[in-house]
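Enquirer: Dropping in final.pdb, with PDB, C-alpha atoms (C1' of nucleotides).
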MODEL        1
ATOM      1  CA  MET A   1     -12.829   1.441  17.058  1.00  0.00           C
ATOM      2  CA  ARG A   2     -13.125  -2.015  18.492  1.00  0.00           C
ATOM      3  CA  SER A   3     -10.685  -2.881  21.216  1.00  0.00           C
ATOM      4  CA  SER A   4     -10.671  -6.500  20.064  1.00  0.00           C
ATOM      5  CA  LEU A   5      -9.241  -5.728  16.640  1.00  0.00           C
ATOM      6  CA  LYS A   6      -5.759  -6.902  17.503  1.00  0.00           C
ATOM      7  CA  ARG A   7      -7.110 -10.131  18.931  1.00  0.00           C
ATOM      8  CA  ASP A   8      -9.401 -10.773  15.962  1.00  0.00           C
ATOM      9  CA  LEU A   9      -6.693 -10.155  13.383  1.00  0.00           C
ATOM     10  CA  ARG A  10      -4.443 -12.542  15.263  1.00  0.00           C
ATOM     11  CA  LYS A  11      -7.254 -15.087  15.411  1.00  0.00           C
ATOM     12  CA  VAL A  12      -7.858 -14.857  11.668  1.00  0.00           C
ATOM     13  CA  TYR A  13      -4.155 -15.397  11.023  1.00  0.00           C
ATOM     14  CA  ASP A  14      -3.997 -18.408  13.317  1.00  0.00           C
ATOM     15  CA  LEU A  15      -7.118 -20.003  11.835  1.00  0.00           C
ATOM     16  CA  LEU A  16      -5.882 -19.538   8.291  1.00  0.00           C
ATOM     17  CA  LEU A  17      -2.382 -20.781   8.979  1.00  0.00           C
ATOM     18  CA  ASN A  18      -3.811 -23.788  10.758  1.00  0.00           C
ATOM     19  CA  ALA A  19      -6.253 -24.513   7.916  1.00  0.00           C
ATOM     20  CA  PHE A  20      -3.997 -23.893   4.944  1.00  0.00           C
ATOM     21  CA  GLY A  21      -0.417 -24.085   6.236  1.00  0.00           C
ATOM     22  CA  PRO A  22       2.429 -21.876   4.953  1.00  0.00           C
ATOM     23  CA  GLN A  23       1.853 -20.594   1.409  1.00  0.00           C
ATOM     24  CA  ASN A  24       5.527 -20.082   0.508  1.00  0.00           C
ATOM     25  CA  TRP A  25       5.005 -16.855  -1.395  1.00  0.00           C
ATOM     26  CA  TRP A  26       5.964 -15.274  -3.780  1.00  0.00           C
ATOM     27  CA  PRO A  27       6.023 -18.002  -6.468  1.00  0.00           C
ATOM     28  CA  ALA A  28       9.083 -16.703  -8.350  1.00  0.00           C
ATOM     29  CA  GLU A  29      12.774 -17.515  -8.716  1.00  0.00           C
ATOM     30  CA  ASP A  30      14.286 -14.073  -8.187  1.00  0.00           C
ATOM     31  CA  PRO A  31      13.333 -10.502  -7.223  1.00  0.00           C
ATOM     32  CA  PHE A  32      13.003  -9.291 -10.793  1.00  0.00           C
ATOM     33  CA  GLU A  33      10.576 -12.090 -11.586  1.00  0.00           C
ATOM     34  CA  VAL A  34       8.536 -11.011  -8.545  1.00  0.00           C
ATOM     35  CA  MET A  35       8.379  -7.469  -9.903  1.00  0.00           C
ATOM     36  CA  VAL A  36       7.288  -8.693 -13.329  1.00  0.00           C
ATOM     37  CA  GLY A  37       4.619 -10.890 -11.753  1.00  0.00           C
ATOM     38  CA  ALA A  38       3.397  -8.005  -9.595  1.00  0.00           C
ATOM     39  CA  ILE A  39       2.654  -5.955 -12.703  1.00  0.00           C
ATOM     40  CA  LEU A  40       1.282  -8.801 -14.786  1.00  0.00           C
ATOM     41  CA  THR A  41      -1.142  -9.921 -12.093  1.00  0.00           C
ATOM     42  CA  GLN A  42      -2.942  -6.568 -11.967  1.00  0.00           C
ATOM     43  CA  ASN A  43      -6.655  -7.370 -12.203  1.00  0.00           C
ATOM     44  CA  THR A  44      -5.797 -10.735 -13.716  1.00  0.00           C
ATOM     45  CA  ASN A  45      -5.996 -14.388 -12.771  1.00  0.00           C
ATOM     46  CA  TRP A  46      -2.619 -15.742 -11.607  1.00  0.00           C
ATOM     47  CA  GLY A  47      -2.895 -18.719 -13.962  1.00  0.00           C
ATOM     48  CA  ASN A  48      -2.788 -16.327 -16.904  1.00  0.00           C
ATOM     49  CA  VAL A  49       0.233 -14.602 -15.387  1.00  0.00           C
ATOM     50  CA  GLU A  50       2.047 -17.930 -15.185  1.00  0.00           C
ATOM     51  CA  LYS A  51       1.492 -18.453 -18.896  1.00  0.00           C
ATOM     52  CA  ALA A  52       2.904 -15.024 -19.664  1.00  0.00           C
ATOM     53  CA  ILE A  53       5.931 -15.560 -17.416  1.00  0.00           C
ATOM     54  CA  SER A  54       6.551 -18.960 -19.016  1.00  0.00           C
ATOM     55  CA  ASN A  55       6.536 -17.286 -22.416  1.00  0.00           C
ATOM     56  CA  LEU A  56       9.134 -14.798 -21.212  1.00  0.00           C
ATOM     57  CA  ARG A  57      11.270 -17.532 -19.689  1.00  0.00           C
ATOM     58  CA  ASP A  58      11.031 -19.808 -22.738  1.00  0.00           C
ATOM     59  CA  HIS A  59      12.040 -16.878 -24.901  1.00  0.00           C
ATOM     60  CA  GLY A  60      15.044 -16.220 -22.650  1.00  0.00           C
ATOM     61  CA  SER A  61      13.641 -12.830 -21.813  1.00  0.00           C
ATOM     62  CA  LEU A  62      12.899 -12.940 -18.109  1.00  0.00           C
ATOM     63  CA  ASP A  63      15.593 -10.423 -17.206  1.00  0.00           C
ATOM     64  CA  GLN A  64      16.054  -6.657 -17.228  1.00  0.00           C
ATOM     65  CA  ALA A  65      18.356  -6.497 -20.251  1.00  0.00           C
ATOM     66  CA  SER A  66      15.975  -8.488 -22.438  1.00  0.00           C
ATOM     67  CA  VAL A  67      12.908  -6.524 -21.401  1.00  0.00           C
ATOM     68  CA  SER A  68      14.849  -3.324 -22.003  1.00  0.00           C
ATOM     69  CA  SER A  69      16.118  -4.206 -25.475  1.00  0.00           C
ATOM     70  CA  MET A  70      12.990  -5.911 -26.818  1.00  0.00           C
ATOM     71  CA  THR A  71      10.440  -3.836 -28.721  1.00  0.00           C
ATOM     72  CA  GLU A  72       7.303  -3.001 -26.794  1.00  0.00           C
ATOM     73  CA  SER A  73       5.141  -4.880 -29.290  1.00  0.00           C
ATOM     74  CA  LYS A  74       7.316  -8.000 -29.019  1.00  0.00           C
ATOM     75  CA  LEU A  75       7.099  -7.808 -25.241  1.00  0.00           C
ATOM     76  CA  ALA A  76       3.340  -7.368 -25.499  1.00  0.00           C
ATOM     77  CA  SER A  77       3.017 -10.466 -27.671  1.00  0.00           C
ATOM     78  CA  LEU A  78       4.910 -12.582 -25.113  1.00  0.00           C
ATOM     79  CA  ILE A  79       2.794 -11.443 -22.168  1.00  0.00           C
ATOM     80  CA  ARG A  80      -0.479 -11.618 -24.105  1.00  0.00           C
ATOM     81  CA  PRO A  81      -2.100 -14.297 -21.897  1.00  0.00           C
ATOM     82  CA  SER A  82      -1.969 -11.981 -18.875  1.00  0.00           C
ATOM     83  CA  GLY A  83      -4.430  -9.569 -20.480  1.00  0.00           C
ATOM     84  CA  TYR A  84      -4.039  -5.790 -20.925  1.00  0.00           C
ATOM     85  CA  TYR A  85      -0.851  -6.762 -22.697  1.00  0.00           C
ATOM     86  CA  ASN A  86      -0.155  -3.443 -24.425  1.00  0.00           C
ATOM     87  CA  LEU A  87      -0.610  -1.584 -21.158  1.00  0.00           C
ATOM     88  CA  LYS A  88       1.488  -4.040 -19.170  1.00  0.00           C
ATOM     89  CA  ALA A  89       4.289  -4.088 -21.748  1.00  0.00           C
ATOM     90  CA  ARG A  90       4.568  -0.335 -21.329  1.00  0.00           C
ATOM     91  CA  ARG A  91       4.527  -0.696 -17.558  1.00  0.00           C
ATOM     92  CA  LEU A  92       7.293  -3.323 -17.583  1.00  0.00           C
ATOM     93  CA  LYS A  93       9.380  -1.023 -19.753  1.00  0.00           C
ATOM     94  CA  GLY A  94       8.755   1.768 -17.261  1.00  0.00           C
ATOM     95  CA  LEU A  95       9.853  -0.400 -14.349  1.00  0.00           C
ATOM     96  CA  VAL A  96      13.070  -1.487 -16.051  1.00  0.00           C
ATOM     97  CA  GLY A  97      13.756   2.092 -17.085  1.00  0.00           C
ATOM     98  CA  PHE A  98      13.461   3.150 -13.465  1.00  0.00           C
ATOM     99  CA  LEU A  99      15.752   0.382 -12.222  1.00  0.00           C
ATOM    100  CA  THR A 100      18.353   1.199 -14.855  1.00  0.00           C
ATOM    101  CA  THR A 101      18.263   4.954 -14.461  1.00  0.00           C
ATOM    102  CA  GLU A 102      18.072   5.161 -10.687  1.00  0.00           C
ATOM    103  CA  TYR A 103      19.948   2.043  -9.570  1.00  0.00           C
ATOM    104  CA  SER A 104      21.982   0.859 -12.568  1.00  0.00           C
ATOM    105  CA  GLY A 105      19.780  -2.217 -12.582  1.00  0.00           C
ATOM    106  CA  GLU A 106      21.066  -3.303  -9.161  1.00  0.00           C
ATOM    107  CA  ILE A 107      17.919  -4.425  -7.365  1.00  0.00           C
ATOM    108  CA  SER A 108      19.882  -5.145  -4.190  1.00  0.00           C
ATOM    109  CA  CYS A 109      20.519  -1.404  -3.884  1.00  0.00           C
ATOM    110  CA  LEU A 110      16.784  -0.824  -3.402  1.00  0.00           C
ATOM    111  CA  LYS A 111      17.071  -2.628  -0.076  1.00  0.00           C
ATOM    112  CA  GLU A 112      19.312   0.116   1.311  1.00  0.00           C
ATOM    113  CA  VAL A 113      16.886   2.953   0.620  1.00  0.00           C
ATOM    114  CA  PRO A 114      14.558   4.041   3.472  1.00  0.00           C
ATOM    115  CA  LEU A 115      11.252   2.226   3.070  1.00  0.00           C
ATOM    116  CA  GLU A 116       9.143   5.359   2.700  1.00  0.00           C
ATOM    117  CA  ASP A 117      11.469   6.674   0.004  1.00  0.00           C
ATOM    118  CA  ILE A 118      11.521   3.530  -2.087  1.00  0.00           C
ATOM    119  CA  ARG A 119       7.739   3.291  -1.835  1.00  0.00           C
ATOM    120  CA  ARG A 120       7.377   6.862  -3.050  1.00  0.00           C
ATOM    121  CA  GLN A 121       9.778   6.185  -5.918  1.00  0.00           C
ATOM    122  CA  LEU A 122       7.912   3.066  -7.021  1.00  0.00           C
ATOM    123  CA  LEU A 123       4.587   4.916  -6.872  1.00  0.00           C
ATOM    124  CA  SER A 124       6.004   7.566  -9.197  1.00  0.00           C
ATOM    125  CA  ILE A 125       6.386   4.944 -11.944  1.00  0.00           C
ATOM    126  CA  LYS A 126       3.448   4.987 -14.363  1.00  0.00           C
ATOM    127  CA  GLY A 127       1.372   1.866 -13.831  1.00  0.00           C
ATOM    128  CA  ILE A 128       2.631   1.086 -10.338  1.00  0.00           C
ATOM    129  CA  GLY A 129       0.005   1.852  -7.718  1.00  0.00           C
ATOM    130  CA  PRO A 130      -0.145   1.056  -3.999  1.00  0.00           C
ATOM    131  CA  GLU A 131      -0.700  -2.700  -4.255  1.00  0.00           C
ATOM    132  CA  THR A 132       1.928  -3.280  -6.910  1.00  0.00           C
ATOM    133  CA  ALA A 133       4.463  -1.111  -5.071  1.00  0.00           C
ATOM    134  CA  ASP A 134       3.841  -2.864  -1.770  1.00  0.00           C
ATOM    135  CA  SER A 135       3.970  -6.321  -3.402  1.00  0.00           C
ATOM    136  CA  ILE A 136       7.378  -5.430  -4.805  1.00  0.00           C
ATOM    137  CA  ILE A 137       8.594  -4.078  -1.463  1.00  0.00           C
ATOM    138  CA  LEU A 138       7.373  -7.080   0.546  1.00  0.00           C
ATOM    139  CA  TYR A 139       7.976  -9.969  -1.809  1.00  0.00           C
ATOM    140  CA  ALA A 140      10.907  -8.782  -3.959  1.00  0.00           C
ATOM    141  CA  LEU A 141      12.775  -6.606  -1.458  1.00  0.00           C
ATOM    142  CA  GLU A 142      11.649  -8.599   1.593  1.00  0.00           C
ATOM    143  CA  ARG A 143      10.874  -5.542   3.644  1.00  0.00           C
ATOM    144  CA  PRO A 144       7.945  -5.130   6.064  1.00  0.00           C
ATOM    145  CA  VAL A 145       4.957  -3.488   4.415  1.00  0.00           C
ATOM    146  CA  PHE A 146       1.471  -5.025   4.394  1.00  0.00           C
ATOM    147  CA  VAL A 147      -0.058  -5.648   0.965  1.00  0.00           C
ATOM    148  CA  VAL A 148      -3.764  -4.822   0.626  1.00  0.00           C
ATOM    149  CA  ASP A 149      -5.648  -6.261  -2.328  1.00  0.00           C
ATOM    150  CA  SER A 150      -9.259  -6.797  -3.342  1.00  0.00           C
ATOM    151  CA  TYR A 151      -9.428 -10.032  -1.350  1.00  0.00           C
ATOM    152  CA  THR A 152      -8.130  -8.259   1.747  1.00  0.00           C
ATOM    153  CA  LYS A 153     -10.771  -5.554   1.393  1.00  0.00           C
ATOM    154  CA  ARG A 154     -13.582  -8.032   0.857  1.00  0.00           C
ATOM    155  CA  ILE A 155     -12.584 -10.378   3.669  1.00  0.00           C
ATOM    156  CA  ILE A 156     -11.883  -7.689   6.266  1.00  0.00           C
ATOM    157  CA  SER A 157     -15.162  -6.034   5.353  1.00  0.00           C
ATOM    158  CA  ARG A 158     -17.176  -9.256   5.618  1.00  0.00           C
ATOM    159  CA  LEU A 159     -15.565  -9.991   8.958  1.00  0.00           C
ATOM    160  CA  ARG A 160     -16.650  -6.500   9.986  1.00  0.00           C
ATOM    161  CA  LEU A 161     -13.149  -5.564  11.041  1.00  0.00           C
ATOM    162  CA  ALA A 162     -13.291  -2.374   8.940  1.00  0.00           C
ATOM    163  CA  GLU A 163     -15.783  -0.171   7.165  1.00  0.00           C
ATOM    164  CA  LYS A 164     -16.702  -1.320   3.663  1.00  0.00           C
ATOM    165  CA  ASN A 165     -15.674   1.956   2.086  1.00  0.00           C
ATOM    166  CA  MET A 166     -12.242   2.166   3.713  1.00  0.00           C
ATOM    167  CA  GLY A 167      -9.459   2.945   1.255  1.00  0.00           C
ATOM    168  CA  TYR A 168      -6.078   1.334   0.701  1.00  0.00           C
ATOM    169  CA  ASP A 169      -4.099   3.374   3.220  1.00  0.00           C
ATOM    170  CA  GLY A 170      -6.713   2.961   5.931  1.00  0.00           C
ATOM    171  CA  LEU A 171      -6.819  -0.800   5.546  1.00  0.00           C
ATOM    172  CA  GLN A 172      -3.066  -1.008   5.490  1.00  0.00           C
ATOM    173  CA  ARG A 173      -2.889   1.014   8.692  1.00  0.00           C
ATOM    174  CA  ILE A 174      -5.177  -1.481  10.419  1.00  0.00           C
ATOM    175  CA  PHE A 175      -2.660  -4.228   9.774  1.00  0.00           C
ATOM    176  CA  HIS A 176       0.394  -2.089  10.502  1.00  0.00           C
ATOM    177  CA  GLU A 177      -1.031  -1.034  13.847  1.00  0.00           C
ATOM    178  CA  ASN A 178      -2.274  -4.434  14.965  1.00  0.00           C
ATOM    179  CA  ILE A 179       0.121  -6.996  13.529  1.00  0.00           C
ATOM    180  CA  PRO A 180       3.801  -7.183  14.565  1.00  0.00           C
ATOM    181  CA  GLU A 181       6.029  -5.462  11.994  1.00  0.00           C
ATOM    182  CA  ASP A 182       7.562  -8.615  10.584  1.00  0.00           C
ATOM    183  CA  THR A 183       8.296  -9.398   6.955  1.00  0.00           C
ATOM    184  CA  GLY A 184       7.596 -13.100   7.406  1.00  0.00           C
ATOM    185  CA  ILE A 185       4.212 -12.509   9.044  1.00  0.00           C
ATOM    186  CA  TYR A 186       3.148  -9.881   6.498  1.00  0.00           C
ATOM    187  CA  ASN A 187       4.195 -12.233   3.711  1.00  0.00           C
ATOM    188  CA  GLU A 188       2.231 -15.156   5.095  1.00  0.00           C
ATOM    189  CA  TYR A 189      -0.819 -13.189   6.164  1.00  0.00           C
ATOM    190  CA  HIS A 190      -1.407 -11.662   2.755  1.00  0.00           C
ATOM    191  CA  ALA A 191      -0.836 -14.967   0.982  1.00  0.00           C
ATOM    192  CA  LEU A 192      -3.309 -16.676   3.323  1.00  0.00           C
ATOM    193  CA  LEU A 193      -5.935 -13.994   2.687  1.00  0.00           C
ATOM    194  CA  VAL A 194      -5.576 -14.546  -1.048  1.00  0.00           C
ATOM    195  CA  ARG A 195      -5.932 -18.295  -0.549  1.00  0.00           C
ATOM    196  CA  LEU A 196      -9.058 -17.750   1.552  1.00  0.00           C
ATOM    197  CA  GLY A 197     -10.448 -15.291  -0.960  1.00  0.00           C
ATOM    198  CA  LYS A 198      -9.963 -17.628  -3.882  1.00  0.00           C
ATOM    199  CA  GLU A 199     -11.591 -20.568  -2.162  1.00  0.00           C
ATOM    200  CA  TYR A 200     -14.266 -19.064   0.069  1.00  0.00           C
ATOM    201  CA  CYS A 201     -14.797 -15.359  -0.322  1.00  0.00           C
ATOM    202  CA  ARG A 202     -15.985 -14.583  -3.840  1.00  0.00           C
ATOM    203  CA  PRO A 203     -17.838 -11.353  -4.671  1.00  0.00           C
ATOM    204  CA  ARG A 204     -21.122 -13.164  -4.274  1.00  0.00           C
ATOM    205  CA  PRO A 205     -21.179 -14.648  -0.772  1.00  0.00           C
ATOM    206  CA  LEU A 206     -20.193 -18.287  -0.662  1.00  0.00           C
ATOM    207  CA  CYS A 207     -18.819 -19.238   2.684  1.00  0.00           C
ATOM    208  CA  GLY A 208     -19.558 -22.894   3.322  1.00  0.00           C
ATOM    209  CA  GLY A 209     -16.727 -24.504   5.246  1.00  0.00           C
ATOM    210  CA  CYS A 210     -14.804 -21.265   5.510  1.00  0.00           C
ATOM    211  CA  PRO A 211     -11.967 -21.537   8.079  1.00  0.00           C
ATOM    212  CA  VAL A 212     -12.914 -18.197   9.634  1.00  0.00           C
ATOM    213  CA  HIS A 213     -16.663 -18.770   9.577  1.00  0.00           C
ATOM    214  CA  GLU A 214     -16.922 -18.347  13.335  1.00  0.00           C
ATOM    215  CA  LEU A 215     -15.801 -14.732  12.948  1.00  0.00           C
ATOM    216  CA  CYS A 216     -17.881 -13.915   9.886  1.00  0.00           C
ATOM    217  CA  GLY A 217     -20.887 -11.726  10.667  1.00  0.00           C
ATOM    218  CA  SER A 218     -22.611 -11.760   7.291  1.00  0.00           C
ATOM    219  CA  ALA A 219     -22.061 -15.295   5.949  1.00  0.00           C
TER     220      ALA A 219
ATOM    221  C1'  DG B 220     -22.783 -15.946 -22.368  1.00  0.00           C
ATOM    222  C1'  DA B 221     -22.000 -13.821 -17.921  1.00  0.00           C
ATOM    223  C1'  DC B 222     -18.900 -13.511 -14.339  1.00  0.00           C
ATOM    224  C1'  DC B 223     -14.466 -13.276 -12.369  1.00  0.00           C
ATOM    225  C1'  DA B 224      -9.399 -12.552 -11.736  1.00  0.00           C
ATOM    226  C1'  DG B 225      -3.516 -11.007  -6.422  1.00  0.00           C
ATOM    227  C1'  DG B 226      -5.105  -2.657 -10.496  1.00  0.00           C
ATOM    228  C1'  DC B 227      -4.168   1.615 -12.394  1.00  0.00           C
ATOM    229  C1'  DA B 228      -4.581   6.034 -14.937  1.00  0.00           C
ATOM    230  C1'  DC B 229      -7.364   9.346 -16.555  1.00  0.00           C
ATOM    231  C1'  DA B 230     -11.680  12.096 -17.465  1.00  0.00           C
ATOM    232  C1'  DT B 231     -15.535  14.122 -15.594  1.00  0.00           C
ATOM    233  C1'  DC B 232     -18.677  15.895 -12.290  1.00  0.00           C
TER     234       DC B 232
ATOM    235  C1'  DG C 233     -13.075  13.653  -3.340  1.00  0.00           C
ATOM    236  C1'  DA C 234     -16.163  10.304  -5.386  1.00  0.00           C
ATOM    237  C1'  DT C 235     -17.514   7.931  -9.516  1.00  0.00           C
ATOM    238  C1'  DG C 236     -17.110   6.005 -14.276  1.00  0.00           C
ATOM    239  C1'  DT C 237     -14.428   4.056 -18.044  1.00  0.00           C
ATOM    240  C1'  DG C 238     -10.747   1.746 -20.837  1.00  0.00           C
ATOM    241  C1'  DC C 239      -7.530  -1.765 -20.790  1.00  0.00           C
ATOM    242  C1'  DA C 240      -8.092  -7.924 -22.483  1.00  0.00           C
ATOM    243  C1'  DT C 241      -7.079 -12.714 -21.730  1.00  0.00           C
ATOM    244  C1'  DG C 242      -8.619 -17.300 -20.186  1.00  0.00           C
ATOM    245  C1'  DG C 243     -11.105 -20.369 -16.769  1.00  0.00           C
ATOM    246  C1'  DT C 244     -15.626 -21.625 -14.704  1.00  0.00           C
TER     247       DT C 244
ENDMDL
END
Would you encode the structure as structure tokens?
Expert:
Amino acid sequence: MRSSLKRDLRKVYDLLLNAFGPQNWWPAEDPFEVMVGAILTQNTNWGNVEKAISNLRDHGSLDQASVSSMTESKLASLIRPSGYYNLKARRLKGLVGFLTTEYSGEISCLKEVPLEDIRRQLLSIKGIGPETADSIILYALERPVFVVDSYTKRIISRLRLAEKNMGYDGLQRIFHENIPEDTGIYNEYHALLVRLGKEYCRPRPLCGGCPVHELCGSA
DNA sequence: GACCAGGCACATC
DNA sequence: GATGTGCATGGT
């Protein structure tokens, strides 16, 4: 591998932070809302997720007890704007079921469990894959794990810092091995990559004015 | 009307 | 292990 990886990843972070400033993620009022958002945002525009979360809040249902007691079809109707609403209603039910059964609904207890164990437990929940699990761990539990998403893959690939076909765990390892293990830095770095992706790194190349253009091999 | 958005499970080869 | 498909809304 390239010996300059650590330096380049640091450079990307510095350029992005300088260009965009702190992103103040995750946009939510409490850990449970983060978890809900993490599921609702799967393959979906965040604007649609905000509509769904507003529906839940307006209905007084943005809490574990409400999600648990509500019928799945009612829940689905409230989160409809986020897309895949039947699927995501089932997934939210699964998450709340897990929290209730394993931790009596006490999210703070999840912070005491060894990181590898809580990650494995979250991944065992139907509908929670690597990105959703890691988003919950980083942004809801505030523990140091790097979140890899489609923007991360695309950006890191275009910057030629990793092979295009590298999987989730491989990409995550690149960050874990080259960025200080720090919740605040992991939080900010991922949020900045999403910001960059939204504004400059679409599937079809479009990089004019990109803050990291000097590092981008392909354009 | 096509493309895209802060994935995941499951079937099939 | 890689690849394909279903799930669905709303903005550009």
Enquirer: Show me, as a PDB file with C-alpha atoms, keeping the file's coordinate frame, the residues of chain A whose atoms get within 6 Å of chain C, using all atoms listed in the file for the distance check.
Expert:
ATOM      1  CA  PRO A  81      -2.100 -14.297 -21.897  1.00  0.00           C
ATOM      2  CA  SER A  82      -1.969 -11.981 -18.875  1.00  0.00           C
ATOM      3  CA  GLY A  83      -4.430  -9.569 -20.480  1.00  0.00           C
ATOM      4  CA  TYR A  84      -4.039  -5.790 -20.925  1.00  0.00           C
TER       5      TYR A  84
END
Enquirer: May I ask for the distance between atom CA of Gly47 of chain A and atom CA of Asp149 of chain A, given in Å to one decimal place?
Expert: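 Computing the Euclidean distance for atom CA of Gly47 of chain A and atom CA of Asp149 of chain A yields 17.3 Å.
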Enquirer: Counting only C-alpha atoms (C1' of nucleotides), which residues from chain A have an atom at most 12 Å from any atom of chain B, and could you show them as JSON, numbers by chain?
Expert: {"A": [25, 26, 27, 37, 38, 39, 40, 41, 42, 43, 44, 45, 46, 47, 48, 49, 82, 83, 84, 87, 88, 91, 123, 125, 126, 127, 128, 129, 130, 131, 132, 133, 134, 135, 147, 148, 149, 150, 151, 152, 153, 168, 190, 191, 192, 193, 194, 195, 196, 197, 198, 202, 203, 204]}
Enquirer: One decimal, Å: what's the distance from atom CA of Arg160 of chain A over to atom CA of Cys216 of chain A, could you say?
Expert: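 One can read the atom CA of Arg160 of chain A to atom CA of Cys216 of chain A distance as 7.5 Å.
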Enquirer: One decimal, in Å: what's the spacing between atom CA of Ser54 of chain A and atom CA of Leu122 of chain A?
Expert: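 The value is 25.1 Å.
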Enquirer: The centre and edge lengths of an axis-aligned box containing all atoms of segment 237-241 of chain C present in the file, extended by 6 Å on each side, are to be given in Å to one decimal, as AutoDock Vina command-line options.
Expert:
--center_x -10.8 --center_y -4.3 --center_z -20.3 --size_x 19.3 --size_y 28.8 --size_z 16.4
Enquirer: Could you state which residues are captured by the PyMOL selection byres ((chain A and resi 10) around 12) in this file, as a list in words?
Expert: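 Taken on the displayed file, the PyMOL selection byres ((chain A and resi 10) around 12) yields the residues Ser4, Leu5, Lys6, Arg7, Asp8, Leu9, Lys11, Val12, Tyr13, Asp14, Leu15, Leu16, Leu17, Leu161, Phe175, Asn178, Ile179, Pro180, Ile185, Tyr186, Tyr189, Val212 and Leu215 of chain A.
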Enquirer: Could those residues be written to a file, using C-alpha atoms, as a short mmCIF file (atom, residue, chain, number, x, y, z; two decimals), in the frame of the given file?
Expert:
data_model
loop_
_atom_site.label_atom_id
_atom_site.label_comp_id
_atom_site.auth_asym_id
_atom_site.auth_seq_id
_atom_site.Cartn_x
_atom_site.Cartn_y
_atom_site.Cartn_z
CA SER A 4 -10.67 -6.50 20.06
CA LEU A 5 -9.24 -5.73 16.64
CA LYS A 6 -5.76 -6.90 17.50
CA ARG A 7 -7.11 -10.13 18.93
CA ASP A 8 -9.40 -10.77 15.96
CA LEU A 9 -6.69 -10.15 13.38
CA LYS A 11 -7.25 -15.09 15.41
CA VAL A 12 -7.86 -14.86 11.67
CA TYR A 13 -4.16 -15.40 11.02
CA ASP A 14 -4.00 -18.41 13.32
CA LEU A 15 -7.12 -20.00 11.84
CA LEU A 16 -5.88 -19.54 8.29
CA LEU A 17 -2.38 -20.78 8.98
CA LEU A 161 -13.15 -5.56 11.04
CA PHE A 175 -2.66 -4.23 9.77
CA ASN A 178 -2.27 -4.43 14.96
CA ILE A 179 0.12 -7.00 13.53
CA PRO A 180 3.80 -7.18 14.56
CA ILE A 185 4.21 -12.51 9.04
CA TYR A 186 3.15 -9.88 6.50
CA TYR A 189 -0.82 -13.19 6.16
CA VAL A 212 -12.91 -18.20 9.63
CA LEU A 215 -15.80 -14.73 12.95
#
